[in-house]
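Peer 1: Got a structure for you, written out below as structure tokens; questions coming shortly.
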Amino acid sequence: MEIFSAIKNSEESLFDKQYWLGRMMEWVMKDPSFKVDLFRFVDVLPVLTTDEQVAQHIKEYLVDNHKDIPLFMGGALKAASFSLTRGLAAAAIRKNVTELAERFILGSDMKSAAKPLLKIREQGFSYTIDLLGEKALGDNECDTYAERYKEIIMTLPKIGSYREDDPPNVSIKISALAANLKEEDPLHSIENAKHRIMPLLRLARQQGVFVNFDLETWATNEIVVELFNDIIKSAEFSSWPHLGIVVQAYLKASYAHVQSLIKACEERKTPITVRLVKGAYWDYEVVRAVKLGIACPVFQHKAETDLNYELLSRVLLDHAHLLKPAFGSHNIRSLAQAIIYAKSKNLPKSSYEIQMLYGMADAERKIFLKRGHRVRLYIPIGELIPGMSYLVRRLLENTSQMGFIKMSRHDHLADQLLLKAPLADHQVTNQSDKPVFTNEPMLDFTDPRVRGQFVKALNDVASTFPVTVPIMIAGKIEQSVTEINRVSPNEKTIIVSRVKMAHIKDADRALKQSLEIFPALRARGLHERAGHLYKLADIMQEDIFHLSAIICHEVGKTWNESAADVAEAIDFCRYYAKQAEVELSEKPLQAVGGENNVLIYQGRGPTVIIAPWNFPLAIITGMSVAAYVAGNPIIIKPAEQSSLTAFNLYERMLRAGFITEACHFLPGIGEEIGAYLVGHPSVANVCFTGSKAVGQTIMQTANTVAPTQLQMKRVVCEMGGKNAIIVDDDADLDEAVLAIEKSAFLFAGQKCSAASRIIVVGDIKQLLIERIIDATKSMTIGSSVQPSSFMGPVIDAEAASRLLQAIEKLRKDSSVTMLYEGSRCDGGFFVPPTIVQVRDPSHWVMQEELFGPIIAIYAASDLDQALAVANGTNYALTGALFSRSPTNIAKAREQFQVGNLYINEKCTGALVERQPFGGFKMSGTGIKAGGPHYLLNFVDSRSISENTMRRGFAPEGP
Ligand code: NAD
């Protein structure tokens with residue numbers, strides 16, 4: 001109450017309506033859609049280099065969408081749209097935003113920050129310096145950050161004199177000092193981070209500078225926490241007191257984190273500083289958890305975080321003899337309860353400190369200082385571009401409904417209300433609101449138990465090699481005289497499986513059985529078959545580690561990619577089971593008295609499933625269960641390279657109760673057994689996913705009618721892609737580069753959805769190329785069994801030699817600039833990631849699907865040309881646009897001709913029901929797997945009309 005009354009008459013300049021900023025904030029809080037558009041504009045502004053670009057974005061974000069903005073802003077904004085006033089208006093707007101940024105960011109470098117820093121210290125405040133910038137994507141970027149931290153550490157001690165108990169202080173972010181931090185492999189990530197961190201720490205100790213480790217997102221939490229633990233326990237730093245770390249109270253794991261820090265301090269006997277904050281990435285964490293279907297690491301309700309903050313404050317103060325608590329918050333209640341608790345324990349004010357962000361809560365920080373507390377300001381320094389996400393976070397915080405500063409200094413809520421103890425209201429979510437289908441959660445590798453189980457599964461599976469993969473007809477093993485050995489792409493010397501080869505006689509037997517069971521299968525209810533799919537999903541879910549491990553060994557997918565493959569297979573089962581009951585059950589048709597009309601669906605007959613190896617479980621599962629649930633016997637022909645994974649599916653189908661006589665498993669050579677099945681007159685449907693060349697042959701064969709054939713064959717044919725990512729000149733390059741790296745190089749580019757063309761618009765070309773190369777260079781390449789690997793091998797010797805020949809050809813091609821060729825790895829079928837630049841969009845590297853880690857970059861003058869180039873291939877599968885121009889986004893939505901378009905997102909990773917998948921042109925027959933209407937491909941429909949009138953009496957009435 002004392003603090004409140006002391007600040008009562010002071011103005012919070014952020015909301016002072018006399019000034020531009022205050023009036024703008026006022027409008028932002030009144031109009032949520034303006035807030036979104038304005039902050040998006042602020043976010044993009046620093047990368048806009050010309051007045052035209054600024055004017056265009058103002059028009060698109062602010063003028064067109066918000067006709068009613070007040071005059072003080074509207075005038076300036078409209079002026080920016082007219083060519084005469086454009087220059088002046090753009091300059092004024094840049095100035096305003098720069099001023100806004102300067103409110104929260106002290107300077108662009110240490111030179112410009114030195115003077116104001118001295119002033120801040122003269123006023124009595126302490127500080128910690130934060131170097132602006134988020135995640136670095138490549139080693140060069142990390143080196144640059146390391147250099148800048150070095151500069152800060154060297155310069156800070158020279159700015160004035162310091163008290164011994166309050167040395168110069170810098171806050172560091174690990175993600176800026178190590179690229180490719182991977183939650184699957186914290187140990188490797190920690191070692192990776194140490195390369196740059198240890199020299200900085202040594203320098204800091206030599207210079208007498210305090211180093212605080214900031215925490216960012218949950219995915220890197222364990223890495224930072226364990227790295228810090230390693231350091232404070234190490235012989236080298238165990239007696240150095242000038243180390244600190246953040247604890248984020250919104251994390252459910254924060255209590256355990258505090259306990260581990262207390263234990264470490266007990267052991268090392270030298271204190272550290274623990275900065276308790278609430279956490280700045282709440283939206284991100286919640287959205288990420290929902291997207292991946294994983295347990296949410298943060299508390300859902302604000303009050304729970306507040307409550308936890310108070311609990312942790314007390315735990316920290318209870319151990320103030322071991323460590324030094326720092327309370328980072330602007331919430332008076334949160335700070336006051338800590339202070340009062342400290343007082344009740346007779347702790348001196350010097351045993352803890354208060355921390356606040358530079359540019360916020362000006363009056364509050366002065367009061368705390370006046371009352372004898374140490375107040376440390378968290379002061380960002382850096383350029384405007386990397387600073388924008390920080391600025392936007394501050395703006396959001398200051399205008400959020402729940403923000404304390406807003407509630408207290410803008411809404412002027414009663415002090416009693418603001419001081420009320422937080423009450424966690426555990427609302428029970430309404431069960432009936434739950435969607436019927438939810439995607440299977442991804443494995444959460446931040447959990448050490450999950451990592452442990454994965455390693456165990458990899459070892460267990462490897463101990464069974466080589467596994468014999470048999471031919472199975474109606475659940476019974478068939479003999480074969482021929483077999484092929486399948487070696488692991490990670491390590492050529494390991495034979496994963498010995499695959500028995502099915503021949504024509506097996507195909508004939510499987511077809512005969514299928515024809516025999518077909519009427520009975522059709523007669524058995526849809527509901528029963530859907531039940532088999534649900535059961536299969538459950539079995540696969542129980543076996544997710546085992547199945548992922550097989551995939552990892554057999555086709556060389558990394559941990560995350562393997563687990564995602566299994567999750568997608570589970571999704572297909574549950575989604576098609578649900579969808580079958582919705583779409584394939586009997587439908588009443590137009591009702592007329594005296595007449596009963598219905599539409600019914602029935603299976604068509606033996607269905608051949610011909611699958612690729614690159615999603616060795618997901619695709620084959622999706623195709624098989626869709627055909628089966630629709631009432632068709634299925635003959636599964638897996639890809640030669642992934643027969644073991646496919647066999648594991650087949651076994652589980654039998655366990656799940658699939659009607660045995662209706663399911664057959666025929667591993668074999670595509671050109672032989674696959675081609676024979678496709679051409680067979682008894683086959684009703686062919687469901688194929690694979691290359692364009694094979695797909696076209698299949699279409700031709702299937703459409704050639706044999707004299708004994710009784711019905712036309714239906715062909716579902718999903719083929720390749722030559723997918724492009726367009727990067728517009730106003731794109732967020734941090735996001736674009738990360739997405740390009742993932743889209744092009746995860747699973748060594750062997751996804752039909754993978755990006756193989758990058759089309760860059762305008763002046764950002766050089767910067768984009770440099771950043772892509774830096775990120776690619778920093779990728780860890782190696783066996784997919786190793787959790788540190790970002791990119792694994794290609795599928796087999798044939799693929800490796802084909803791709804290496806393509807690279808050789810590119811190297812010799814004078815019309816192509818070789819920008820980067822990665823190094824090679826031994827052991828498996830590794831192909832170096834390769835980046836070229838081309839000038840001719842019709843060059844073969846821009847047209848042919850290579851299915852490997854090779855990307856071609858093309859520079860376009862504007863978006864229209866970029867779209868023309870993107871659309872200028874035979875394919876139309878996936879594509880992505882990175883842009884912050886609403887007009888250009890709208891244009892791409894309309895004109896980018898692909899089956900799956902992603903805006904500001906990578907072009908791979910479609911999820912069942914969320915992004916039904918499939919292309920058109922030569923990428924496929926335009927059917928979307930994992931979406932509505934897919935099942936209709938596998939049925940015939942019958943309309944039945946019954947006259948119910950007898951002697952003039954209609955049972956339903958007229
Ligand atoms: P592929 O075309 O070589 O083989 C696919 C399947 O067809 C295999 O089971 C193979 O044995 C069989 N086959 C080969 N020749 C045959 C013939 N003459 N008659 C009948 N069957 C025959 O493809 P792949 O190398 O396994 O997979 C990679 C290709 O698949 C890429 O082109 C990729 O883009 C494409 N793909 C497309 C999608 C999609 O959804 N559009 C998804 C995954 C993969």
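Within each chain, counting starts at residue 1; across the structure tokens, chains are named A, B, ... in the order shown, with ligands numbered 1 upward in that order.
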Sorted by chain and rising residue number, list the residues of chain A at most 6 Å from ligand 1 (counting only C-alpha atoms and all ligand atoms), each with its closest atom pair and distance in Å to one decimal, as JSON lines.

Peer 2:
{"residue": "A:Ile610", "atom": "CA", "partner": "ligand 1", "partner_atom_place_in_ligand_line": "9 (O)", "distance": 4.9}
{"residue": "A:Ala611", "atom": "CA", "partner": "ligand 1", "partner_atom_place_in_ligand_line": "9 (O)", "distance": 4.5}
{"residue": "A:Pro612", "atom": "CA", "partner": "ligand 1", "partner_atom_place_in_ligand_line": "26 (O)", "distance": 3.3}
{"residue": "A:Trp613", "atom": "CA", "partner": "ligand 1", "partner_atom_place_in_ligand_line": "26 (O)", "distance": 4.7}
{"residue": "A:Asn614", "atom": "CA", "partner": "ligand 1", "partner_atom_place_in_ligand_line": "27 (O)", "distance": 6.0}
{"residue": "A:Pro638", "atom": "CA", "partner": "ligand 1", "partner_atom_place_in_ligand_line": "9 (O)", "distance": 4.9}
{"residue": "A:Ala639", "atom": "CA", "partner": "ligand 1", "partner_atom_place_in_ligand_line": "9 (O)", "distance": 3.4}
{"residue": "A:Glu640", "atom": "CA", "partner": "ligand 1", "partner_atom_place_in_ligand_line": "11 (O)", "distance": 5.7}
{"residue": "A:Ile669", "atom": "CA", "partner": "ligand 1", "partner_atom_place_in_ligand_line": "11 (O)", "distance": 5.4}
{"residue": "A:Gly670", "atom": "CA", "partner": "ligand 1", "partner_atom_place_in_ligand_line": "11 (O)", "distance": 3.2}
{"residue": "A:Glu671", "atom": "CA", "partner": "ligand 1", "partner_atom_place_in_ligand_line": "18 (N)", "distance": 3.9}
{"residue": "A:Gly674", "atom": "CA", "partner": "ligand 1", "partner_atom_place_in_ligand_line": "20 (C)", "distance": 3.7}
{"residue": "A:Ala675", "atom": "CA", "partner": "ligand 1", "partner_atom_place_in_ligand_line": "19 (N)", "distance": 3.6}
{"residue": "A:Thr689", "atom": "CA", "partner": "ligand 1", "partner_atom_place_in_ligand_line": "37 (C)", "distance": 5.3}
{"residue": "A:Gly690", "atom": "CA", "partner": "ligand 1", "partner_atom_place_in_ligand_line": "30 (O)", "distance": 3.0}
{"residue": "A:Ser691", "atom": "CA", "partner": "ligand 1", "partner_atom_place_in_ligand_line": "32 (O)", "distance": 3.3}
{"residue": "A:Lys692", "atom": "CA", "partner": "ligand 1", "partner_atom_place_in_ligand_line": "32 (O)", "distance": 5.9}
{"residue": "A:Val694", "atom": "CA", "partner": "ligand 1", "partner_atom_place_in_ligand_line": "2 (O)", "distance": 4.7}
{"residue": "A:Ile698", "atom": "CA", "partner": "ligand 1", "partner_atom_place_in_ligand_line": "19 (N)", "distance": 5.9}
{"residue": "A:Glu718", "atom": "CA", "partner": "ligand 1", "partner_atom_place_in_ligand_line": "41 (N)", "distance": 4.1}
{"residue": "A:Met719", "atom": "CA", "partner": "ligand 1", "partner_atom_place_in_ligand_line": "41 (N)", "distance": 4.1}
{"residue": "A:Gly720", "atom": "CA", "partner": "ligand 1", "partner_atom_place_in_ligand_line": "34 (O)", "distance": 3.0}
{"residue": "A:Gly721", "atom": "CA", "partner": "ligand 1", "partner_atom_place_in_ligand_line": "34 (O)", "distance": 5.4}
{"residue": "A:Cys752", "atom": "CA", "partner": "ligand 1", "partner_atom_place_in_ligand_line": "34 (O)", "distance": 3.4}
{"residue": "A:Gly918", "atom": "CA", "partner": "ligand 1", "partner_atom_place_in_ligand_line": "40 (O)", "distance": 5.3}
{"residue": "A:Ser923", "atom": "CA", "partner": "ligand 1", "partner_atom_place_in_ligand_line": "41 (N)", "distance": 5.9}

Peer 1: Would you pick out the contacts of Gln579 of chain A at 9 Å or less, using only C-alpha atoms, so that residues sharing its chain but fewer than 5 positions from it are not included, and give the list as a PDB file with N, CA, C and O atoms, in the first residue's frame?

Peer 2:
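Contents of result-v4.pdb, freshly written:
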ATOM      1  N   ARG A 574      -6.950 -43.700 -36.706  1.00  0.00           N
ATOM      2  CA  ARG A 574      -8.052 -43.106 -35.931  1.00  0.00           C
ATOM      3  C   ARG A 574      -8.917 -42.204 -36.808  1.00  0.00           C
ATOM      4  O   ARG A 574     -10.125 -42.174 -36.680  1.00  0.00           O
ATOM      5  N   LEU A 584     -19.131 -43.059 -44.781  1.00  0.00           N
ATOM      6  CA  LEU A 584     -19.503 -44.271 -45.514  1.00  0.00           C
ATOM      7  C   LEU A 584     -20.748 -44.957 -44.961  1.00  0.00           C
ATOM      8  O   LEU A 584     -21.155 -45.995 -45.463  1.00  0.00           O
ATOM      9  N   GLY A 931      -7.699 -36.477 -45.229  1.00  0.00           N
ATOM     10  CA  GLY A 931      -8.699 -35.415 -45.244  1.00  0.00           C
ATOM     11  C   GLY A 931     -10.052 -35.965 -45.662  1.00  0.00           C
ATOM     12  O   GLY A 931     -10.184 -37.157 -45.965  1.00  0.00           O
ATOM     13  N   PRO A 932     -11.072 -35.104 -45.687  1.00  0.00           N
ATOM     14  CA  PRO A 932     -12.400 -35.550 -46.069  1.00  0.00           C
ATOM     15  C   PRO A 932     -12.423 -36.127 -47.487  1.00  0.00           C
ATOM     16  O   PRO A 932     -11.617 -35.730 -48.324  1.00  0.00           O
ATOM     17  N   HIS A 933     -13.316 -37.023 -47.738  1.00  0.00           N
ATOM     18  CA  HIS A 933     -13.597 -37.624 -49.046  1.00  0.00           C
ATOM     19  C   HIS A 933     -12.561 -38.630 -49.538  1.00  0.00           C
ATOM     20  O   HIS A 933     -12.732 -39.217 -50.591  1.00  0.00           O
ATOM     21  N   LEU A 935     -11.834 -41.524 -48.415  1.00  0.00           N
ATOM     22  CA  LEU A 935     -12.347 -42.897 -48.392  1.00  0.00           C
ATOM     23  C   LEU A 935     -13.262 -43.193 -49.577  1.00  0.00           C
ATOM     24  O   LEU A 935     -13.411 -44.337 -49.983  1.00  0.00           O
TER      25      LEU A 935
END

Peer 1: Using only C-alpha atoms, what does the table of segment 626-671 of chain A residues within 9 Å of segment 539-543 of chain A look like, with each row giving the shortest atom pair and its distance in Å to one decimal, sorted by chain and ascending number, as CSV?

Peer 2:
residue,atom,partner,partner_atom,distance
A:Leu649,CA,A:Met540,CA,8.4
A:Arg652,CA,A:Ile539,CA,7.0
A:Arg655,CA,A:Ile539,CA,8.3
A:Ala656,CA,A:Ile539,CA,7.3

Peer 1: List the spatial neighbours of Glu821 of chain A as a ChimeraX atom specification - criterion: any atom at most 9 Å away, only C-alpha atoms, same-chain residues fewer than 5 positions off excluded.

Peer 2: /A:777,807,832-836

Peer 1: Which residues are close to Leu156 of chain A, i.e. within 8 Å by only C-alpha atoms, leaving aside same-chain residues fewer than 3 positions away? Reply as a compact mmCIF listing (two decimals) with N, CA and C atoms, in the first residue's frame.

Peer 2:
# COMPACT_ATOMS: atom_id res chain seq x y z
N ILE A 152 31.30 -6.64 -24.87
CA ILE A 152 30.57 -6.14 -23.70
C ILE A 152 31.38 -6.42 -22.43
N ILE A 153 31.90 -7.63 -22.33
CA ILE A 153 32.66 -8.01 -21.13
C ILE A 153 33.91 -7.15 -20.98
N ILE A 159 33.33 1.31 -17.60
CA ILE A 159 32.30 2.35 -17.45
C ILE A 159 32.12 2.63 -15.97
N PRO A 168 30.27 -5.43 -12.74
CA PRO A 168 29.57 -5.34 -14.03
C PRO A 168 28.87 -6.66 -14.31
N ASN A 169 27.73 -6.56 -15.00
CA ASN A 169 26.86 -7.74 -15.05
C ASN A 169 26.31 -7.90 -16.47
N VAL A 209 33.61 -9.68 -14.34
CA VAL A 209 32.23 -9.43 -14.81
C VAL A 209 31.32 -10.60 -14.41

Peer 1: With a cut-off of 12 Å, could you pull out the residues of segment 687-768 of chain A touching segment 544-560 of chain A and give me the nearest pair of atoms for each, distance in Å to one decimal, using only C-alpha atoms, ordered by chain and ascending number, as a Markdown table?

Peer 2:
| residue | atom | partner | partner_atom | distance |
| --- | --- | --- | --- | --- |
| A:Phe745 | CA | A:Thr558 | CA | 11.5 |
| A:Leu746 | CA | A:Thr558 | CA | 8.3 |
| A:Phe747 | CA | A:Lys557 | CA | 5.8 |
| A:Ala748 | CA | A:Lys557 | CA | 8.8 |
| A:Gly749 | CA | A:Lys557 | CA | 11.0 |
| A:Gln750 | CA | A:Lys557 | CA | 9.8 |
| A:Lys751 | CA | A:Lys557 | CA | 11.0 |

Peer 1: Could you go through segment 115-267 of chain A and tell me which residues DSSP, when run on the backbone, assigns to helix (DSSP H, G or I), listing them as a PyMOL selection string?

Peer 2: chain A and resi 115-122+139-158+174-176+186-207+218-233+254-267

Peer 1: As a PyMOL selection string, please: all residues of segment 473-639 of chain A that backbone DSSP puts in strand (DSSP E).

Peer 2: chain A and resi 473+476-478+483-488+491-500+587-588+595-603+607-610+634-637

Peer 1: Restricted to N, CA, C and O atoms, what would the selected residues look like written as a short mmCIF file (atom, residue, chain, number, x, y, z; two decimals), in the first residue's frame?

Peer 2:
data_model
loop_
_atom_site.label_atom_id
_atom_site.label_comp_id
_atom_site.auth_asym_id
_atom_site.auth_seq_id
_atom_site.Cartn_x
_atom_site.Cartn_y
_atom_site.Cartn_z
N ILE A 473 0.24 -64.77 -46.67
CA ILE A 473 -1.07 -64.72 -47.32
C ILE A 473 -2.11 -65.18 -46.30
O ILE A 473 -1.94 -66.23 -45.67
N LYS A 476 -0.77 -66.43 -43.09
CA LYS A 476 0.12 -67.61 -43.03
C LYS A 476 1.38 -67.36 -43.85
O LYS A 476 1.31 -66.78 -44.95
N ILE A 477 2.50 -67.85 -43.30
CA ILE A 477 3.78 -67.65 -43.99
C ILE A 477 3.85 -68.52 -45.23
O ILE A 477 3.50 -69.68 -45.21
N GLU A 478 4.30 -67.91 -46.32
CA GLU A 478 4.51 -68.64 -47.59
C GLU A 478 6.02 -68.79 -47.80
O GLU A 478 6.79 -67.90 -47.46
N GLU A 483 15.50 -64.25 -51.77
CA GLU A 483 15.43 -63.22 -50.73
C GLU A 483 16.49 -62.16 -51.02
O GLU A 483 17.47 -62.42 -51.72
N ILE A 484 16.26 -60.95 -50.50
CA ILE A 484 17.29 -59.92 -50.64
C ILE A 484 17.70 -59.44 -49.25
O ILE A 484 16.88 -59.45 -48.32
N ASN A 485 18.95 -59.06 -49.14
CA ASN A 485 19.44 -58.50 -47.88
C ASN A 485 19.25 -56.99 -47.90
O ASN A 485 19.58 -56.34 -48.89
N ARG A 486 18.75 -56.48 -46.81
CA ARG A 486 18.61 -55.02 -46.72
C ARG A 486 19.60 -54.51 -45.67
O ARG A 486 19.53 -54.90 -44.50
N VAL A 487 20.54 -53.66 -46.09
CA VAL A 487 21.51 -53.15 -45.12
C VAL A 487 21.03 -51.80 -44.57
O VAL A 487 20.21 -51.13 -45.19
N SER A 488 21.57 -51.42 -43.42
CA SER A 488 21.18 -50.15 -42.83
C SER A 488 21.82 -49.01 -43.59
O SER A 488 23.03 -49.04 -43.84
N GLU A 491 24.83 -47.62 -41.73
CA GLU A 491 26.05 -48.40 -41.62
C GLU A 491 25.92 -49.62 -42.55
O GLU A 491 25.18 -50.56 -42.25
N LYS A 492 26.68 -49.56 -43.64
CA LYS A 492 26.51 -50.57 -44.69
C LYS A 492 26.78 -52.00 -44.22
O LYS A 492 26.31 -52.96 -44.83
N THR A 493 27.56 -52.15 -43.18
CA THR A 493 27.94 -53.51 -42.76
C THR A 493 26.83 -54.19 -41.96
O THR A 493 26.92 -55.38 -41.68
N ILE A 494 25.82 -53.43 -41.56
CA ILE A 494 24.76 -54.04 -40.74
C ILE A 494 23.61 -54.51 -41.64
O ILE A 494 23.01 -53.69 -42.36
N ILE A 495 23.34 -55.78 -41.61
CA ILE A 495 22.19 -56.29 -42.37
C ILE A 495 20.96 -56.22 -41.46
O ILE A 495 20.92 -56.85 -40.40
N VAL A 496 20.01 -55.43 -41.87
CA VAL A 496 18.82 -55.21 -41.05
C VAL A 496 17.83 -56.37 -41.22
O VAL A 496 17.25 -56.86 -40.27
N SER A 497 17.66 -56.78 -42.49
CA SER A 497 16.64 -57.80 -42.72
C SER A 497 16.99 -58.65 -43.94
O SER A 497 17.78 -58.23 -44.81
N ARG A 498 16.40 -59.84 -43.94
CA ARG A 498 16.47 -60.69 -45.13
C ARG A 498 15.02 -60.81 -45.61
O ARG A 498 14.18 -61.39 -44.91
N VAL A 499 14.76 -60.22 -46.75
CA VAL A 499 13.37 -60.10 -47.20
C VAL A 499 13.06 -61.16 -48.25
O VAL A 499 13.72 -61.24 -49.30
N LYS A 500 12.09 -62.00 -47.96
CA LYS A 500 11.65 -63.03 -48.90
C LYS A 500 10.90 -62.35 -50.04
O LYS A 500 10.08 -61.44 -49.80
N LYS A 587 -26.77 -43.07 -46.08
CA LYS A 587 -27.21 -41.67 -46.03
C LYS A 587 -28.66 -41.57 -46.50
O LYS A 587 -28.97 -42.01 -47.61
N PRO A 588 -29.52 -40.96 -45.71
CA PRO A 588 -30.88 -40.73 -46.22
C PRO A 588 -30.83 -39.69 -47.34
O PRO A 588 -30.07 -38.73 -47.27
N GLU A 595 -42.14 -42.72 -50.27
CA GLU A 595 -40.92 -43.15 -50.95
C GLU A 595 -39.76 -43.07 -49.96
O GLU A 595 -39.61 -42.08 -49.24
N ASN A 596 -38.95 -44.10 -49.92
CA ASN A 596 -37.79 -44.09 -49.03
C ASN A 596 -36.52 -44.14 -49.89
O ASN A 596 -36.35 -45.05 -50.69
N ASN A 597 -35.70 -43.11 -49.74
CA ASN A 597 -34.49 -43.03 -50.58
C ASN A 597 -33.24 -43.03 -49.72
O ASN A 597 -33.13 -42.22 -48.78
N VAL A 598 -32.32 -43.90 -50.04
CA VAL A 598 -31.04 -43.90 -49.30
C VAL A 598 -29.89 -44.10 -50.27
O VAL A 598 -30.05 -44.61 -51.37
N LEU A 599 -28.72 -43.67 -49.76
CA LEU A 599 -27.49 -43.89 -50.52
C LEU A 599 -26.61 -44.79 -49.66
O LEU A 599 -26.42 -44.51 -48.46
N ILE A 600 -26.11 -45.86 -50.27
CA ILE A 600 -25.20 -46.71 -49.49
C ILE A 600 -23.88 -46.87 -50.23
O ILE A 600 -23.81 -46.71 -51.45
N TYR A 601 -22.85 -47.17 -49.45
CA TYR A 601 -21.51 -47.33 -50.03
C TYR A 601 -21.04 -48.76 -49.79
O TYR A 601 -21.30 -49.33 -48.73
N GLN A 602 -20.31 -49.28 -50.77
CA GLN A 602 -19.77 -50.62 -50.57
C GLN A 602 -18.37 -50.72 -51.17
O GLN A 602 -18.04 -50.00 -52.12
N GLY A 603 -17.58 -51.63 -50.61
CA GLY A 603 -16.22 -51.84 -51.12
C GLY A 603 -16.27 -52.30 -52.56
O GLY A 603 -17.31 -52.75 -53.06
N THR A 607 -7.82 -54.83 -53.49
CA THR A 607 -7.12 -53.55 -53.62
C THR A 607 -5.63 -53.75 -53.39
O THR A 607 -5.24 -54.32 -52.37
N VAL A 608 -4.84 -53.29 -54.35
CA VAL A 608 -3.39 -53.44 -54.25
C VAL A 608 -2.82 -52.15 -53.65
O VAL A 608 -3.12 -51.06 -54.13
N ILE A 609 -2.02 -52.33 -52.61
CA ILE A 609 -1.39 -51.17 -51.97
C ILE A 609 0.09 -51.19 -52.35
O ILE A 609 0.81 -52.12 -51.99
N ILE A 610 0.53 -50.18 -53.09
CA ILE A 610 1.94 -50.13 -53.48
C ILE A 610 2.56 -48.89 -52.84
O ILE A 610 2.18 -47.75 -53.14
N ILE A 634 -7.21 -56.36 -48.96
CA ILE A 634 -6.00 -55.60 -49.35
C ILE A 634 -4.80 -56.53 -49.56
O ILE A 634 -4.59 -57.48 -48.81
N ILE A 635 -4.05 -56.21 -50.60
CA ILE A 635 -2.79 -56.92 -50.87
C ILE A 635 -1.69 -55.86 -50.78
O ILE A 635 -1.64 -54.92 -51.58
N ILE A 636 -0.86 -56.00 -49.75
CA ILE A 636 0.13 -54.95 -49.48
C ILE A 636 1.46 -55.30 -50.14
O ILE A 636 2.03 -56.35 -49.87
N LYS A 637 1.93 -54.41 -51.00
CA LYS A 637 3.25 -54.59 -51.63
C LYS A 637 4.13 -53.45 -51.11
O LYS A 637 4.07 -52.33 -51.59
#
